[in-house]
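Step one of this worksheet: look at the structure below.
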Amino acid sequence: MNPDFDPAPGAQADSRTYHAGNSNEDGADFTEVLARLHRGLPAIIGLAALGAAAAVIIYLLACPLFPTTTSMRVSFSFPGVGRGEYPDHSKFQPDDLRSPEVIIEALKLQGLEPTEDTQFRIRAALTIETLIPPNVIKERDRLRAAGQTLAPYFPDEYLLSLVLPRSFKFNAAQRERMLTGIIRAYQSRFQRTYSDVPLAFGNAFESLKSADYYEYEIILNGEIQDVIAYLDQQLEQAKLFRSPSTNLTFGDLVAQTKLFSRIHLYETLGFIRKNGLSRDRETALVKIDYFLQSLQDQEQKAIEEAKVVDDLLTKTQERSQNYVLGIKTQATQQRNEATTVDQNLIDSLLANDSYNFLVRQALTAGLKVKDIQAEKAQLMERRKDMERFLNSDTRDQSVMFKRVQQSLGELQDSYNQLILNIRKTHSDFAKQQYADAIRITMPPITSNLYRSLSLAGTIGGLIGLLLGAAFSLLGIHSSPRSEATLI
């Protein structure tokens with residue numbers, strides 16, 4: 001291009017005129033838009049206010065038909081919940097929170113009549129959702145991508161939601177108290193089942209009221225054995241626990257129970273055994289004979305069961321046992337590859353497991369036979385003692401009856417004190433062990449009506465605002481000045 005070239009003066013003027021025309025046209029368009037919005041500002045504000053008011057009125061009219069949600073979180077931390085089990089190894093199900101017994105008890109806690117219709121509507125409105133932490137989901141996804149077999153996962157936190165129409169007879173506070181009452185009722189049921197001492201525990205003297213004197217030994221000795229077995233079981237769970245109420249450990253209670261037997265129990269039973277006390281000795285012999293026949297049948301059945309197990313164990317012993325684990329691996333095997341196990345290894349493991357199972361069954365069957373035989377021998381000895389006193393004068397027993405009754409009174413006082421110490425110690429231990437078994441991690445929250453109204457009003461106002469702006473841009477407004485301009 002020639003640097004000395006100079007365009008004509010007319011061409012430069014035309015170019016400047018063209019650019020100036022485009023700039024003036026864009027500015028005029030933007031100014032016109034603002035002018036129309038300004039002229040229609042009253043209509044825009046009016047439509048926005050009208051839309052907000054209409055949305056609020058429509059929401060208030062339809063409000064009784066809309067459901068209201070009340071939610072809370074609850075977590076479980078008792079032993080076994082990570083395996084999906086209760087402390088007694090029964091299956092744990094979150095739906096137990098909405099069982100009929102829990103709903104009825106929760107309604108009673110609120111002072112309400114647990115009618116069938118109310119129960120049904122609350123159970124139908126109650127939902128239980130699982131809450132799984134994100135890190136658990138991420139870890140399981142990683143293991144699944146690596147090709148590993150995932151173990152079952154049992155969550156320990158759940159979201160409870162009570163979704164009822166706003167027209168339901170419960171207000172927001174009652175719905176929140178209802179959810180809290182459900183958790184309280186479930187906690188009470190859990191406490192009765194797993195924390196409290198069984199109701200039948202410690203009621204031996206209630207059974208003595210309808211028993212003959214010779215049966216006292218059977219009842220009281222059986223009760224003491226049950227008490228010691230229970231205390232041994234508790235001692236395995238809490239060897240170092242000491243009750244703040246009784247200042248006793250479960251080991252101390254075992255020692256007290258044995259001391260109770262030696263000092264008080266043996267005295268009473270000794271009086272009865274030495275003098276062959278019975279209200280009716282002939283009837284007592286009839287009961288003993290029937291008991292012996294029952295034990296004879298049990299012994300025969302137990303012997304047959306033990307024989308079957310012994311035969312199977314003998315056949316299993318004839319086979320050679322292979323305890324060598326033949327696992328095939330490669331040095332270059334990647335870490336995420338599954339280990340290869342041959343069929344001989346599987347057969348060996350199955351055979352060894354079967355053998356061990358039969359050994360345990362044989363031991364159990366043999367001990368059962370020995371227990372029945374020992375009980376039978378004791379009963380036969382008791383029968384001989386009763387036969388020895390069968391023809392003696394019953395009038396001689398009157399003095400001994402008084403002594404036995406006096407001894408029984410002292411025995412019952414010591415027994416009640418022992419059971420009271422056991423109950424208090426167990427109660428303190430249960431409060432410590434299951435203090436956080438069921439916890440409310442988020443209190444009940446009900447969706448707010450005013451928040452919903454404000455949201456509906458905001459949405460209605462925005463719709464009215466957009467409609468007003470659209471009408472103003474199209475020139476549709478009620479301003480006299482704008483009508484003259486259009487004409």
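Ordering of the structure tokens sets the chain letters (A, B, ...); residue numbers start at 1 within each chain; ligands are numbered from 1 in the order shown.
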
- Task: Skip Lys424 in chain A itself and residues of its chain fewer than 4 positions away, then list as a VMD selection string all residues within 10 Å of it, counting only C-alpha atoms.
- Result: chain A and resid 196 to 197 243 to 246 248 419 to 420 428 to 430

Can those selected residues be exported to a file as a JSON list (two decimals), in the first residue's frame so that it contains N, CA and C atoms?
```
[["chain", "number", "residue", "atom", "x", "y", "z"],
["A", 196, "ASP", "N", -33.24, -55.02, 82.20],
["A", 196, "ASP", "CA", -33.82, -55.45, 83.46],
["A", 196, "ASP", "C", -33.60, -56.94, 83.69],
["A", 197, "VAL", "N", -33.53, -57.31, 84.96],
["A", 197, "VAL", "CA", -33.45, -58.73, 85.31],
["A", 197, "VAL", "C", -34.78, -59.38, 84.96],
["A", 243, "SER", "N", -20.69, -51.96, 91.47],
["A", 243, "SER", "CA", -21.92, -51.18, 91.52],
["A", 243, "SER", "C", -21.78, -50.01, 92.49],
["A", 244, "PRO", "N", -22.13, -48.80, 92.07],
["A", 244, "PRO", "CA", -22.10, -47.67, 93.01],
["A", 244, "PRO", "C", -23.20, -47.75, 94.06],
["A", 245, "SER", "N", -24.27, -48.51, 93.81],
["A", 245, "SER", "CA", -25.37, -48.62, 94.78],
["A", 245, "SER", "C", -25.06, -49.62, 95.87],
["A", 246, "THR", "N", -24.52, -50.78, 95.50],
["A", 246, "THR", "CA", -24.25, -51.84, 96.48],
["A", 246, "THR", "C", -22.77, -51.98, 96.82],
["A", 248, "LEU", "N", -20.69, -53.69, 95.22],
["A", 248, "LEU", "CA", -20.38, -55.10, 95.02],
["A", 248, "LEU", "C", -20.07, -55.35, 93.55],
["A", 419, "ILE", "N", -31.24, -61.31, 96.39],
["A", 419, "ILE", "CA", -31.83, -60.96, 95.09],
["A", 419, "ILE", "C", -31.87, -59.45, 94.91],
["A", 420, "LEU", "N", -32.14, -58.70, 95.98],
["A", 420, "LEU", "CA", -32.15, -57.24, 95.88],
["A", 420, "LEU", "C", -30.77, -56.71, 95.49],
["A", 428, "ASP", "N", -27.35, -51.09, 87.79],
["A", 428, "ASP", "CA", -26.24, -50.15, 87.60],
["A", 428, "ASP", "C", -25.39, -50.54, 86.39],
["A", 429, "PHE", "N", -25.16, -51.83, 86.22],
["A", 429, "PHE", "CA", -24.36, -52.28, 85.09],
["A", 429, "PHE", "C", -25.08, -52.02, 83.77],
["A", 430, "ALA", "N", -26.41, -52.25, 83.75],
["A", 430, "ALA", "CA", -27.18, -52.03, 82.53],
["A", 430, "ALA", "C", -27.21, -50.55, 82.16]]
```

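Residues in contact with Ile440 in chain A at 8 Å, where only C-alpha atoms are counted and same-chain residues fewer than 5 positions away are skipped, are listed as Met72, Arg73, Val74 and Ser75 of chain A.
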
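Nearest-residue note for Gly464 in chain A: choosing from A:Ala52, A:Gly409, A:Leu179, A:Asn421, the minimum distance belongs to A:Ala52, counting only C-alpha atoms.
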
Within 12 Å of Tyr415 in chain A using only C-alpha atoms, minus same-chain residues under 4 positions, as a CSV table (one decimal) with C-alpha atoms, in the first residue's frame:
```
chain,number,residue,atom,x,y,z
A,201,PHE,CA,-35.8,-64.4,88.4
A,202,GLY,CA,-35.9,-64.4,92.2
A,203,ASN,CA,-39.4,-65.8,92.6
A,204,ALA,CA,-38.5,-69.2,94.1
A,205,PHE,CA,-40.6,-68.7,97.3
A,220,LEU,CA,-34.4,-74.1,95.9
A,223,GLU,CA,-32.9,-71.6,91.9
A,224,ILE,CA,-29.4,-71.3,93.4
A,227,VAL,CA,-28.5,-67.6,90.1
A,256,GLN,CA,-22.5,-64.3,98.7
A,257,THR,CA,-24.7,-66.8,96.9
A,258,LYS,CA,-22.5,-69.7,97.8
A,259,LEU,CA,-22.3,-68.5,101.4
A,260,PHE,CA,-26.1,-68.2,101.5
A,261,SER,CA,-26.4,-71.8,100.5
A,263,ILE,CA,-25.4,-71.0,106.0
A,264,HIS,CA,-29.1,-70.7,105.4
A,265,LEU,CA,-30.2,-73.1,102.6
A,408,LEU,CA,-37.9,-70.8,106.1
A,409,GLY,CA,-38.7,-67.3,107.3
A,410,GLU,CA,-35.0,-66.6,108.0
A,411,LEU,CA,-34.1,-68.2,104.7
A,419,ILE,CA,-31.8,-61.0,95.1
A,420,LEU,CA,-32.2,-57.2,95.9
A,421,ASN,CA,-28.4,-56.8,95.7
A,422,ILE,CA,-28.3,-58.7,92.4
```

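Here CA of Lys431 in chain A is placed at a distance of 28.1 Å from CA of Glu129 in chain A.
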
- Considering only C-alpha atoms, return as a ChimeraX atom specification whatever protein or nucleic-acid residues lie within 12 Å of Asp96 in chain A, sequence-local ones (same chain, fewer than 4 positions apart) excluded. /A:86,91-92,100-103,123,126-128,182-183,185-187,189-190

Selected residues written out with N, CA and C atoms, as a CSV table (one decimal), in the first residue's frame:
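Output saved as result00.csv:
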```
chain,number,residue,atom,x,y,z
A,86,TYR,N,-29.5,-57.7,67.9
A,86,TYR,CA,-29.7,-57.2,69.2
A,86,TYR,C,-28.7,-57.9,70.2
A,91,LYS,N,-32.4,-60.8,65.3
A,91,LYS,CA,-32.2,-59.9,64.2
A,91,LYS,C,-32.7,-58.5,64.5
A,92,PHE,N,-31.9,-57.5,64.3
A,92,PHE,CA,-32.3,-56.1,64.5
A,92,PHE,C,-33.0,-55.6,63.2
A,100,PRO,N,-46.7,-51.9,66.4
A,100,PRO,CA,-48.0,-51.5,67.1
A,100,PRO,C,-47.8,-51.2,68.6
A,101,GLU,N,-47.0,-52.1,69.3
A,101,GLU,CA,-46.8,-51.9,70.7
A,101,GLU,C,-46.1,-50.5,71.0
A,102,VAL,N,-45.1,-50.2,70.2
A,102,VAL,CA,-44.4,-48.9,70.4
A,102,VAL,C,-45.3,-47.7,70.1
A,103,ILE,N,-46.1,-47.8,69.1
A,103,ILE,CA,-47.0,-46.7,68.7
A,103,ILE,C,-48.1,-46.5,69.8
A,123,ARG,N,-48.7,-45.1,61.9
A,123,ARG,CA,-47.8,-46.1,61.3
A,123,ARG,C,-47.6,-45.9,59.8
A,126,LEU,N,-45.3,-42.8,59.2
A,126,LEU,CA,-43.9,-42.9,59.7
A,126,LEU,C,-43.0,-43.7,58.7
A,127,THR,N,-42.0,-43.0,58.3
A,127,THR,CA,-41.0,-43.6,57.4
A,127,THR,C,-39.6,-43.6,58.1
A,128,ILE,N,-38.8,-44.6,57.8
A,128,ILE,CA,-37.5,-44.8,58.4
A,128,ILE,C,-36.5,-44.9,57.3
A,182,ILE,N,-42.2,-41.9,70.5
A,182,ILE,CA,-41.9,-43.2,69.9
A,182,ILE,C,-40.5,-43.7,70.3
A,183,ILE,N,-39.5,-42.8,70.3
A,183,ILE,CA,-38.2,-43.2,70.7
A,183,ILE,C,-38.2,-43.5,72.2
A,185,ALA,N,-40.7,-44.7,74.0
A,185,ALA,CA,-41.3,-46.0,74.2
A,185,ALA,C,-40.4,-47.2,73.7
A,186,TYR,N,-39.7,-46.9,72.6
A,186,TYR,CA,-38.8,-48.0,72.2
A,186,TYR,C,-37.6,-48.2,73.2
A,187,GLN,N,-37.1,-47.1,73.7
A,187,GLN,CA,-36.1,-47.2,74.8
A,187,GLN,C,-36.6,-48.0,76.0
A,189,ARG,N,-39.0,-50.2,76.0
A,189,ARG,CA,-39.1,-51.6,75.6
A,189,ARG,C,-37.7,-52.3,75.6
A,190,PHE,N,-36.7,-51.6,75.1
A,190,PHE,CA,-35.4,-52.1,75.0
A,190,PHE,C,-34.9,-52.4,76.4
```

- Write out as a list in words which residues come within 10 Å of Lys301 in chain A when counting only C-alpha atoms, dropping same-chain ones fewer than 6 positions away.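 The residues satisfying every condition are Leu295, Lys307 and Val369 of chain A.
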
- Could you pull out the residues in range 95-287 of chain A that DSSP calls strand (DSSP E) from the backbone, as an NGL selection string? :A and (126-130 or 157-165)
